[in-house]
file my_file_26.cif (mmCIF, C-alpha atoms)
data_input
#
loop_
_atom_site.label_atom_id
_atom_site.label_comp_id
_atom_site.auth_asym_id
_atom_site.auth_seq_id
_atom_site.Cartn_x
_atom_site.Cartn_y
_atom_site.Cartn_z
CA MET A 174 252.49 36.71 59.88
CA SER A 175 251.77 34.53 62.88
CA SER A 176 249.82 32.14 60.66
CA TYR A 177 253.07 30.57 59.45
CA TRP A 178 254.27 27.27 60.86
CA PRO A 179 256.62 27.20 63.86
CA TRP A 180 260.23 26.42 62.96
CA TRP A 181 260.18 22.77 64.06
CA ALA A 182 257.13 22.00 61.92
CA GLY A 183 258.87 23.55 58.92
CA ALA A 184 262.05 21.60 59.61
CA ILE A 185 260.16 18.30 59.85
CA GLY A 186 258.16 19.12 56.70
CA LEU A 187 261.20 19.98 54.57
CA ALA A 188 263.11 16.96 55.89
CA LEU A 189 260.24 14.54 55.19
CA VAL A 190 259.87 15.84 51.63
CA THR A 191 263.60 15.47 50.90
CA ILE A 192 264.02 12.08 52.58
CA GLY A 193 260.81 10.70 51.06
CA TYR A 194 261.86 11.73 47.56
CA THR A 195 265.32 10.23 47.95
CA VAL A 196 264.04 6.93 49.31
CA ALA A 197 261.21 6.65 46.78
CA THR A 198 263.19 7.51 43.65
CA ASP A 199 266.82 6.75 44.60
CA ARG A 200 267.61 10.23 43.27
CA SER A 201 268.52 13.58 44.72
CA LEU A 202 265.81 16.25 44.96
CA GLY A 203 266.72 19.44 43.11
CA VAL A 204 264.26 22.05 41.91
CA SER A 205 266.73 24.04 39.82
CA SER A 206 267.82 20.99 37.82
CA ALA A 207 264.14 20.15 37.27
CA TRP A 208 263.70 23.68 35.94
CA ASP A 209 266.80 23.33 33.78
CA ARG A 210 265.62 20.12 32.14
CA VAL A 211 262.04 21.33 31.69
CA VAL A 212 263.25 24.59 30.10
CA HIS A 213 265.42 22.54 27.72
CA TRP A 214 262.78 19.83 27.39
CA ARG A 215 263.15 19.40 23.62
CA ARG A 216 266.84 18.61 23.86
CA GLU A 217 266.42 16.53 27.01
CA ARG A 218 263.65 14.48 25.38
CA ASP A 219 265.87 13.79 22.37
CA LEU A 220 268.70 12.74 24.70
CA GLU A 221 266.33 10.39 26.52
CA ARG A 222 265.30 8.82 23.19
CA VAL A 223 268.89 8.35 22.08
CA GLU A 224 269.64 6.74 25.41
CA GLU A 225 266.68 4.37 25.08
CA GLU A 226 267.76 3.41 21.55
CA PHE A 227 271.28 2.89 22.79
CA THR A 228 270.00 0.53 25.47
CA ASP A 229 267.90 -1.28 22.85
CA ASP A 230 270.90 -1.56 20.51
CA ARG A 231 272.99 -3.00 23.26
CA ALA A 232 270.28 -5.55 24.06
CA LEU A 233 270.08 -6.41 20.34
CA ALA A 234 273.84 -6.80 20.08
CA ASP A 235 273.88 -9.06 23.13
CA ALA A 236 271.09 -11.19 21.68
CA LEU A 237 272.88 -11.44 18.32
CA ALA A 238 276.12 -12.41 20.02
CA ALA A 239 274.34 -15.09 22.03
CA ALA A 240 272.65 -16.41 18.87
CA THR A 241 275.97 -16.42 17.02
CA ALA A 242 277.69 -18.25 19.83
CA GLU A 243 274.90 -20.81 19.84
CA HIS A 244 275.08 -21.28 16.07
CA PHE A 245 278.85 -21.62 15.79
CA GLY A 246 279.36 -23.43 19.02
CA THR A 247 280.62 -21.83 22.20
CA ALA A 248 283.69 -20.20 20.67
CA PRO A 249 282.81 -17.11 18.59
CA ALA A 250 286.47 -16.05 18.72
CA VAL A 251 287.42 -18.76 16.15
CA PRO A 252 288.38 -17.08 12.85
CA MET A 253 285.41 -16.94 10.48
CA PRO A 254 285.55 -18.02 6.84
CA PRO A 255 286.33 -15.05 4.54
CA HIS A 256 282.67 -14.60 3.48
CA GLY A 257 281.27 -14.97 6.98
CA ASP A 258 279.77 -12.02 8.76
CA THR A 259 282.20 -11.05 11.50
CA ARG A 260 280.17 -8.17 12.85
CA PRO A 261 278.02 -9.75 15.58
CA PRO A 262 280.91 -10.81 17.83
CA GLU A 263 282.40 -7.31 17.86
CA PRO A 264 279.74 -5.51 19.90
CA ALA A 265 279.64 -8.54 22.15
CA ALA A 266 283.28 -7.98 22.96
CA GLU A 267 282.63 -4.28 23.67
CA SER A 268 279.52 -4.67 25.76
CA THR A 269 280.25 -4.72 29.46
CA PRO A 270 277.03 -5.57 31.29
CA GLY A 271 278.61 -4.52 34.58
CA GLU A 272 278.58 -0.88 33.48
CA ASN A 273 274.89 -0.81 32.77
CA PRO A 274 273.32 -0.46 36.25
CA SER A 275 275.73 2.20 37.43
CA ALA A 276 275.15 4.27 34.30
CA THR A 277 271.37 4.15 34.63
CA GLY A 278 271.48 4.72 38.39
CA LEU A 279 272.91 8.20 37.92
CA ARG A 280 270.45 9.15 35.21
CA PRO A 281 268.15 12.05 36.18
CA ALA A 282 264.42 11.49 36.50
CA PRO A 283 262.57 11.61 33.14
CA VAL A 284 261.83 15.16 32.07
CA VAL A 285 258.04 14.51 32.16
CA THR A 286 258.22 13.66 35.85
CA GLN A 287 260.22 16.83 36.55
CA ALA A 288 257.59 18.91 34.77
CA ALA A 289 255.04 17.18 37.00
CA LEU A 290 257.13 18.20 40.02
CA LEU A 291 256.99 21.88 39.07
CA VAL A 292 253.24 21.80 38.35
CA SER A 293 252.65 20.03 41.66
CA ILE A 294 254.54 22.76 43.52
CA VAL A 295 252.03 25.28 42.12
CA LEU A 296 249.16 23.13 43.33
CA GLY A 297 250.72 22.51 46.75
CA GLY A 298 251.42 26.22 47.22
CA TRP A 299 247.90 27.11 46.13
CA ILE A 300 246.33 24.61 48.54
CA ALA A 301 248.45 26.06 51.35
CA ALA A 302 247.45 29.64 50.48
CA ILE A 303 243.74 28.81 50.21
CA THR A 304 243.52 26.68 53.37
CA SER A 305 245.43 29.23 55.47
CA GLY A 306 243.37 32.14 54.15
CA ARG A 307 246.48 33.85 52.77
CA PHE A 308 245.47 33.66 49.11
CA GLN A 309 245.02 37.11 47.62
CA VAL A 310 245.43 38.11 43.97
CA ARG A 311 247.67 41.16 43.95
CA PHE A 312 249.78 43.14 41.51
CA ASP A 313 252.62 43.92 43.93
CA MET A 314 254.97 41.77 46.00
CA GLY A 315 253.60 42.88 49.37
CA PRO A 316 254.24 45.79 51.74
CA ASP A 317 257.71 44.62 52.79
CA PHE A 318 258.97 44.50 49.20
CA ARG A 319 257.54 48.00 48.69
CA ASP A 320 259.33 49.36 51.78
CA LEU A 321 262.62 47.52 51.33
CA VAL A 322 263.13 47.44 47.59
CA THR A 323 260.88 49.71 45.57
CA ALA A 324 257.37 51.14 45.42
CA ASN A 325 257.60 51.89 41.70
CA PRO A 326 255.85 49.19 39.60
CA THR A 327 258.28 49.55 36.67
CA THR A 328 261.33 49.28 38.92
CA MET A 329 259.70 46.30 40.61
CA VAL A 330 259.33 44.47 37.29
CA ILE A 331 262.98 45.21 36.41
CA VAL A 332 264.24 44.10 39.85
CA LEU A 333 262.21 40.89 39.73
CA PHE A 334 263.37 40.07 36.21
CA VAL A 335 267.03 40.77 36.93
CA GLY A 336 266.76 38.86 40.21
CA GLY A 337 265.16 35.95 38.37
CA VAL A 338 267.94 35.89 35.76
CA LEU A 339 270.57 35.90 38.54
CA VAL A 340 268.75 33.05 40.29
CA GLY A 341 268.40 30.99 37.11
CA PHE A 342 271.95 31.61 35.90
CA GLY A 343 273.55 31.34 39.33
CA THR A 344 271.83 28.13 40.45
CA ARG A 345 272.74 26.35 37.23
CA LEU A 346 276.31 27.63 37.25
CA ALA A 347 276.71 26.48 40.85
CA GLY A 348 274.97 23.20 40.03
CA GLY A 349 272.11 23.53 42.50
CA CYS A 350 269.86 25.73 44.60
CA SER A 351 268.47 25.78 48.12
CA SER A 352 266.89 22.35 47.63
CA GLY A 353 269.63 20.58 45.63
CA HIS A 354 272.68 22.00 47.41
CA GLY A 355 271.00 23.27 50.59
CA LEU A 356 268.81 20.32 51.62
CA SER A 357 269.90 17.25 49.62
CA GLY A 358 273.58 18.18 49.25
CA CYS A 359 274.21 19.41 52.79
CA GLY A 360 272.22 16.45 54.10
CA ARG A 361 274.68 14.19 52.25
CA LEU A 362 277.57 16.28 53.65
CA ARG A 363 278.91 16.90 50.14
CA PRO A 364 281.72 19.48 50.37
CA VAL A 365 280.63 21.21 47.14
CA SER A 366 277.10 21.69 48.50
CA ILE A 367 278.27 22.98 51.86
CA VAL A 368 280.52 25.53 50.12
CA ALA A 369 277.76 26.58 47.71
CA THR A 370 275.17 26.91 50.52
CA ALA A 371 277.54 28.92 52.73
CA VAL A 372 278.32 31.28 49.84
CA PHE A 373 274.79 31.87 48.58
CA PHE A 374 273.43 32.25 52.09
CA GLY A 375 276.23 34.60 53.09
CA ILE A 376 275.76 36.76 50.01
CA ALA A 377 271.98 36.83 50.51
CA VAL A 378 272.58 37.99 54.11
CA ALA A 379 274.90 40.78 52.93
CA VAL A 380 272.51 41.97 50.20
CA SER A 381 269.52 41.80 52.54
CA PHE A 382 271.33 43.94 55.12
CA LEU A 383 272.12 46.46 52.37
CA LEU A 384 268.45 46.58 51.36
CA TRP A 385 267.30 46.88 54.97
CA LYS A 386 269.79 49.38 56.34
CA VAL A 387 271.31 51.27 53.42
CA ILE A 388 269.08 51.42 50.36
CA MET B 12 265.57 0.52 39.34
CA ARG B 13 262.33 2.40 39.76
CA THR B 14 259.61 2.29 37.13
CA ARG B 15 258.65 5.43 35.26
CA GLY B 16 255.19 5.48 36.87
CA ALA B 17 256.60 5.22 40.38
CA VAL B 18 259.03 8.09 39.72
CA LEU B 19 256.18 10.18 38.28
CA LEU B 20 254.00 9.52 41.33
CA ALA B 21 256.88 10.33 43.69
CA ASN B 22 257.50 13.62 41.87
CA ILE B 23 253.82 14.62 42.06
CA ILE B 24 253.58 13.84 45.78
CA THR B 25 256.90 15.59 46.44
CA GLY B 26 255.83 18.68 44.48
CA LEU B 27 252.53 18.93 46.36
CA ALA B 28 254.21 18.47 49.73
CA LEU B 29 257.09 20.82 48.92
CA GLY B 30 254.79 23.60 47.65
CA TYR B 31 252.51 23.18 50.67
CA THR B 32 255.41 23.15 53.16
CA VAL B 33 257.40 26.01 51.64
CA ALA B 34 254.29 28.22 51.46
CA ASN B 35 253.32 27.46 55.06
CA ILE B 36 256.83 28.16 56.34
CA GLY B 37 256.60 31.55 54.66
CA PHE B 38 259.40 31.42 52.09
CA GLY B 39 257.10 33.08 49.58
CA ASP B 40 256.72 36.14 51.82
CA TYR B 41 259.37 38.71 50.92
CA GLY B 42 259.23 40.35 54.36
CA GLU B 43 259.72 37.03 56.17
CA LEU B 44 262.64 36.25 53.86
CA ASN B 45 264.37 39.58 54.49
CA ARG B 46 263.86 39.14 58.24
CA MET B 47 265.48 35.71 57.99
CA PHE B 48 268.51 36.98 56.07
CA THR B 49 268.96 39.92 58.45
CA PHE B 50 268.52 37.66 61.53
CA GLN B 51 265.59 39.68 62.83
CA ASP B 52 263.54 36.49 62.90
CA LEU B 53 265.26 33.11 63.18
CA ARG B 54 262.10 31.03 62.62
CA MET B 55 262.64 30.27 58.91
CA PHE B 56 266.39 29.93 59.34
CA LEU B 57 265.83 27.31 62.04
CA ALA B 58 263.31 25.53 59.82
CA PHE B 59 265.94 25.27 57.09
CA ALA B 60 268.86 24.41 59.36
CA GLY B 61 266.73 21.95 61.35
CA ALA B 62 265.72 20.23 58.12
CA VAL B 63 269.37 19.86 57.10
CA VAL B 64 270.22 18.27 60.46
CA ILE B 65 267.29 15.82 60.28
CA ILE B 66 268.17 14.92 56.67
CA ALA B 67 271.86 14.41 57.51
CA VAL B 68 270.98 12.06 60.39
CA ALA B 69 268.39 10.17 58.32
CA PHE B 70 270.74 9.78 55.33
CA ALA B 71 273.50 8.51 57.62
CA LEU B 72 271.13 5.98 59.21
CA LEU B 73 269.71 4.89 55.84
CA ARG B 74 273.22 4.77 54.35
CA VAL B 75 272.12 6.86 51.38
CA ARG B 76 274.60 6.72 48.50
CA ARG B 77 277.00 9.68 48.46
CA THR B 78 276.82 11.32 45.07
CA PRO B 79 280.13 12.54 43.70
CA GLY B 80 280.63 16.26 43.43
CA ARG B 81 283.77 18.28 43.15
CA ILE B 82 284.09 22.02 43.68
CA HIS B 83 284.37 23.20 40.08
CA ALA B 84 285.04 26.75 38.89
CA GLY B 85 281.32 27.59 38.64
CA VAL B 86 280.30 26.86 42.23
CA ILE B 87 281.36 30.06 43.98
CA PRO B 88 280.51 32.59 41.20
CA GLY B 89 277.19 30.81 40.70
CA ALA B 90 276.39 30.88 44.41
CA VAL B 91 277.26 34.60 44.58
CA LEU B 92 274.88 35.38 41.70
CA PHE B 93 272.17 33.17 43.16
CA GLY B 94 272.47 34.71 46.64
CA THR B 95 272.16 38.21 45.20
CA GLY B 96 269.18 37.25 43.06
CA TRP B 97 267.45 35.50 45.96
CA ALA B 98 267.85 38.51 48.27
CA ILE B 99 266.51 41.07 45.79
CA SER B 100 263.71 39.09 44.12
CA GLY B 101 262.80 36.77 46.99
CA GLY B 102 262.97 33.78 44.66
CA CYS B 103 264.98 30.61 44.72
CA PRO B 104 263.76 28.41 41.87
CA ALA B 105 260.76 26.95 43.75
CA ILE B 106 259.66 30.16 45.47
CA PRO B 107 258.28 32.26 42.56
CA ILE B 108 256.05 29.29 41.71
CA VAL B 109 254.68 29.33 45.26
CA GLN B 110 254.34 33.13 45.14
CA VAL B 111 252.23 32.96 41.98
CA ALA B 112 250.17 30.20 43.59
CA SER B 113 249.59 32.50 46.57
CA GLY B 114 248.36 35.30 44.31
CA TYR B 115 251.50 37.42 43.84
CA LEU B 116 251.17 37.92 40.08
CA PRO B 117 254.44 39.91 39.59
CA ALA B 118 256.31 36.72 40.51
CA LEU B 119 255.51 35.62 36.94
CA VAL B 120 258.22 38.12 35.93
CA THR B 121 260.65 36.40 38.32
CA ILE B 122 259.81 33.06 36.70
CA ALA B 123 260.45 34.54 33.26
CA GLY B 124 263.82 35.77 34.56
CA VAL B 125 264.68 32.33 35.94
CA VAL B 126 263.88 30.71 32.59
CA VAL B 127 266.03 33.25 30.73
CA GLY B 128 268.87 32.80 33.23
CA ILE B 129 268.81 29.01 32.90
CA ARG B 130 268.89 29.20 29.10
CA LEU B 131 271.67 31.79 29.26
CA CYS B 132 273.76 29.55 31.52
CA ARG B 133 273.67 26.58 29.14
CA TRP B 134 274.43 28.82 26.20
CA ALA B 135 277.29 30.64 27.94
CA ASN B 136 278.76 27.40 29.24
CA ALA B 137 278.75 25.76 25.82
CA ARG B 138 280.29 28.85 24.25
CA TYR B 139 282.63 30.31 26.88
CA PHE B 140 282.98 28.51 30.22
CA HIS B 141 283.30 24.87 29.06
CA LEU B 142 282.73 23.58 32.58
CA ASP B 143 282.07 19.86 32.74
CA ARG B 144 279.33 17.92 34.53
CA GLY B 145 277.60 19.47 37.51
CA SER B 146 277.29 22.90 35.97
CA CYS B 147 274.64 24.37 33.69
CA GLY B 148 273.05 20.98 33.12
CA LEU B 149 275.99 19.61 31.17
#

call {"tool": "encode", "arguments": {"input": "my_file_26.cif", "output": "structure tokens"}}
result
Amino acid sequence: MSSYWPWWAGAIGLALVTIGYTVATDRSLGVSSAWDRVVHWRRERDLERVEEEFTDDRALADALAAATAEHFGTAPAVPMPPHGDTRPPEPAAESTPGENPSATGLRPAPVVTQAALLVSIVLGGWIAAITSGRFQVRFDMGPDFRDLVTANPTTMVIVLFVGGVLVGFGTRLAGGCSSGHGLSGCGRLRPVSIVATAVFFGIAVAVSFLLWKVI
Amino acid sequence: MRTRGAVLLANIITGLALGYTVANIGFGDYGELNRMFTFQDLRMFLAFAGAVVIIAVAFALLRVRRTPGRIHAGVIPGAVLFGTGWAISGGCPAIPIVQVASGYLPALVTIAGVVVGIRLCRWANARYFHLDRGSCGL
């Protein structure tokens, strides 16, 4: 137990990870949204493709409009002869280049990179367990889980599964977890994240007291 | 704009550092977690709270863009479910991964539960809740 880091080292570590990610990628770190997109990777990949095509189409439309303007002079708004193709100027009128950067800036990281994030967490956790001498293959969740929750292996599997479903469902419904709302969101002082963190922490405190004192 | 390769590299480094840090703080240890939530041991709580303070100061100094976020109908029910799940299984989405990496094989069941819960949320939202952006990946 004493082999864990002191609190200040943990605080600095978590802060460096979150700040580094934000500065490097211009995005907000969130493990549950990474999970969400990796779990739905097929759909997310299709969405990414559609988005890429959309960007390409827009570029094509802009190029066509520019070519048309060049060909007909600088005024594409002049009425075309009846047989002329009036299509190219239309997308040009719709395209608003100013929207482009803001739309892409809010786009989540590509799903491949989020899968890489999850795999890297396994590796990082494994390196930590090996180097600290804590690594031990076991078929239970440790003595404290046995004392506080259950010693029965079947009940343990049920509790872990139900708990996992609650975590998966709850984090996505709330729009974030302890990293997305807790670290990134509270660090940005977003009201929604502060509310979410206060609620999930408060409920976890209440349930933990029940497990410790009552059950 | 960041290139795809740079984002990939940043995610790999972040994952390694996050897994390493979270495991060394002790978030994967169910006993440590219960002692944090019952205030018997403030070490992990201070690690978390201290990180939030450092991040808030750094983001203010760096003038990090504030992302929009409104308190929609899913935030509080979702947080209640998540808090309950975290307290009984010991897993927030990153933790079961670290637990498996530390040798706790039953945490694979927690991961399976998380995956089912995430799928269920998208399905239920599309069918019943109809919450907009910021919830269930929509």

call {"tool": "closest_residue", "arguments": {"input": "my_file_26.cif", "among": "A:Val340, A:Cys359, A:Val212, A:Ala301", "to": "Gly39 of chain B", "atoms": "all atoms listed in the file"}}
result
A:Ala301

call {"tool": "resolve_selection", "arguments": {"input": "my_file_26.cif", "expression": "the PyMOL selection byres ((chain A and resi 214-227) around 12)", "output": "PyMOL selection string"}}
result
(chain A and resi 206-213+228-234+268+273+276-277+280-288) or (chain B and resi 130+133+148-149)

call {"tool": "closest_residue", "arguments": {"input": "my_file_26.cif", "among": "B:Val75, B:Val125, B:Ala62, B:Val120", "to": "Phe342 of chain A", "atoms": "only C-alpha atoms"}}
result
B:Val125

call {"tool": "closest_residue", "arguments": {"input": "my_file_26.cif", "among": "A:Thr241, A:Val310, A:Ser305, A:Leu202", "to": "chain B", "atoms": "only C-alpha atoms"}}
result
A:Val310

call {"tool": "residues_near_point", "arguments": {"input": "my_file_26.cif", "point": "(252.6, 29.8, 40.8)", "cutoff": "10 Å", "atoms": "all atoms listed in the file", "output": "VMD selection string"}}
result
(chain A and resid 291 to 299) or (chain B and resid 30 105 to 116 118 to 119 122)

call {"tool": "atom_distance", "arguments": {"input": "my_file_26.cif", "atom1": "atom CA of Leu290 of chain A", "atom2": "atom CA of Thr304 of chain A"}}
result
20.9 Å

call {"tool": "atom_distance", "arguments": {"input": "my_file_26.cif", "atom1": "atom CA of Gly193 of chain A", "atom2": "atom CA of Ala371 of chain A"}}
result
24.8 Å

call {"tool": "residues_around", "arguments": {"input": "my_file_26.cif", "residues": "Gly183 of chain A", "least_positions_apart": "4", "cutoff": "7 Å", "atoms": "only C-alpha atoms", "output": "number ranges by chain"}}
result
A: 178-179, 187; B: 32, 36, 58

call {"tool": "resolve_selection", "arguments": {"input": "my_file_26.cif", "expression": "the PyMOL selection byres ((chain A and resi 315-324) around 6)", "output": "PyMOL selection string"}}
result
(chain A and resi 313-314+325+384-385) or (chain B and resi 42)

call {"tool": "atom_distance", "arguments": {"input": "my_file_26.cif", "atom1": "atom CA of Gly101 of chain B", "atom2": "atom CA of Pro88 of chain B"}}
result
19.1 Å

call {"tool": "build_atoms", "arguments": {"input": "my_file_26.cif", "residues": "segment 323-333 of chain A", "atoms": "all heavy atoms", "output": "mmCIF file, in the frame of the given file"}}
result
data_model
loop_
_atom_site.group_PDB
_atom_site.id
_atom_site.type_symbol
_atom_site.label_atom_id
_atom_site.label_comp_id
_atom_site.auth_asym_id
_atom_site.auth_seq_id
_atom_site.Cartn_x
_atom_site.Cartn_y
_atom_site.Cartn_z
ATOM 1 N N THR A 323 261.383 48.612 46.381
ATOM 2 C CA THR A 323 260.880 49.710 45.570
ATOM 3 C C THR A 323 259.359 49.764 45.619
ATOM 4 O O THR A 323 258.696 48.746 45.782
ATOM 5 C CB THR A 323 261.326 49.569 44.106
ATOM 6 O OG1 THR A 323 260.785 50.645 43.349
ATOM 7 C CG2 THR A 323 260.880 48.254 43.502
ATOM 8 N N ALA A 324 258.816 50.967 45.486
ATOM 9 C CA ALA A 324 257.370 51.140 45.420
ATOM 10 C C ALA A 324 256.923 51.383 43.977
ATOM 11 O O ALA A 324 255.739 51.388 43.677
ATOM 12 C CB ALA A 324 256.944 52.304 46.303
ATOM 13 N N ASN A 325 257.907 51.585 43.097
ATOM 14 C CA ASN A 325 257.600 51.890 41.700
ATOM 15 C C ASN A 325 257.344 50.591 40.919
ATOM 16 O O ASN A 325 258.217 49.720 40.888
ATOM 17 C CB ASN A 325 258.803 52.653 41.118
ATOM 18 C CG ASN A 325 258.576 53.066 39.677
ATOM 19 O OD1 ASN A 325 257.949 52.333 38.906
ATOM 20 N ND2 ASN A 325 259.072 54.221 39.321
ATOM 21 N N PRO A 326 256.174 50.444 40.296
ATOM 22 C CA PRO A 326 255.850 49.190 39.600
ATOM 23 C C PRO A 326 256.846 48.836 38.491
ATOM 24 O O PRO A 326 257.202 47.655 38.333
ATOM 25 C CB PRO A 326 254.468 49.445 38.998
ATOM 26 C CG PRO A 326 253.912 50.573 39.767
ATOM 27 C CD PRO A 326 255.071 51.414 40.225
ATOM 28 N N THR A 327 257.335 49.839 37.751
ATOM 29 C CA THR A 327 258.280 49.550 36.670
ATOM 30 C C THR A 327 259.603 49.038 37.236
ATOM 31 O O THR A 327 260.152 48.037 36.769
ATOM 32 C CB THR A 327 258.554 50.823 35.838
ATOM 33 O OG1 THR A 327 257.299 51.443 35.568
ATOM 34 C CG2 THR A 327 259.249 50.503 34.542
ATOM 35 N N THR A 328 260.092 49.732 38.281
ATOM 36 C CA THR A 328 261.330 49.280 38.920
ATOM 37 C C THR A 328 261.150 47.879 39.477
ATOM 38 O O THR A 328 262.068 47.047 39.388
ATOM 39 C CB THR A 328 261.735 50.252 40.047
ATOM 40 O OG1 THR A 328 261.502 51.582 39.608
ATOM 41 C CG2 THR A 328 263.184 50.082 40.432
ATOM 42 N N MET A 329 259.960 47.625 40.035
ATOM 43 C CA MET A 329 259.700 46.300 40.610
ATOM 44 C C MET A 329 259.849 45.224 39.540
ATOM 45 O O MET A 329 260.516 44.205 39.766
ATOM 46 C CB MET A 329 258.282 46.252 41.189
ATOM 47 C CG MET A 329 257.881 44.887 41.715
ATOM 48 S SD MET A 329 256.149 44.785 42.195
ATOM 49 C CE MET A 329 255.363 44.746 40.580
ATOM 50 N N VAL A 330 259.250 45.458 38.367
ATOM 51 C CA VAL A 330 259.330 44.470 37.290
ATOM 52 C C VAL A 330 260.788 44.247 36.887
ATOM 53 O O VAL A 330 261.225 43.099 36.714
ATOM 54 C CB VAL A 330 258.469 44.925 36.079
ATOM 55 C CG1 VAL A 330 258.783 44.085 34.841
ATOM 56 C CG2 VAL A 330 256.993 44.815 36.428
ATOM 57 N N ILE A 331 261.562 45.344 36.795
ATOM 58 C CA ILE A 331 262.980 45.210 36.410
ATOM 59 C C ILE A 331 263.746 44.420 37.476
ATOM 60 O O ILE A 331 264.502 43.495 37.153
ATOM 61 C CB ILE A 331 263.610 46.606 36.193
ATOM 62 C CG1 ILE A 331 262.949 47.282 34.979
ATOM 63 C CG2 ILE A 331 265.122 46.500 35.981
ATOM 64 C CD1 ILE A 331 263.270 48.747 34.818
ATOM 65 N N VAL A 332 263.532 44.791 38.764
ATOM 66 C CA VAL A 332 264.240 44.100 39.850
ATOM 67 C C VAL A 332 263.899 42.612 39.857
ATOM 68 O O VAL A 332 264.789 41.755 39.973
ATOM 69 C CB VAL A 332 263.901 44.745 41.218
ATOM 70 C CG1 VAL A 332 264.346 43.859 42.369
ATOM 71 C CG2 VAL A 332 264.532 46.116 41.327
ATOM 72 N N LEU A 333 262.620 42.295 39.702
ATOM 73 C CA LEU A 333 262.210 40.890 39.730
ATOM 74 C C LEU A 333 262.810 40.130 38.556
ATOM 75 O O LEU A 333 263.278 38.998 38.706
ATOM 76 C CB LEU A 333 260.678 40.767 39.697
ATOM 77 C CG LEU A 333 259.938 41.208 40.953
ATOM 78 C CD1 LEU A 333 258.436 41.042 40.775
ATOM 79 C CD2 LEU A 333 260.404 40.440 42.191
#
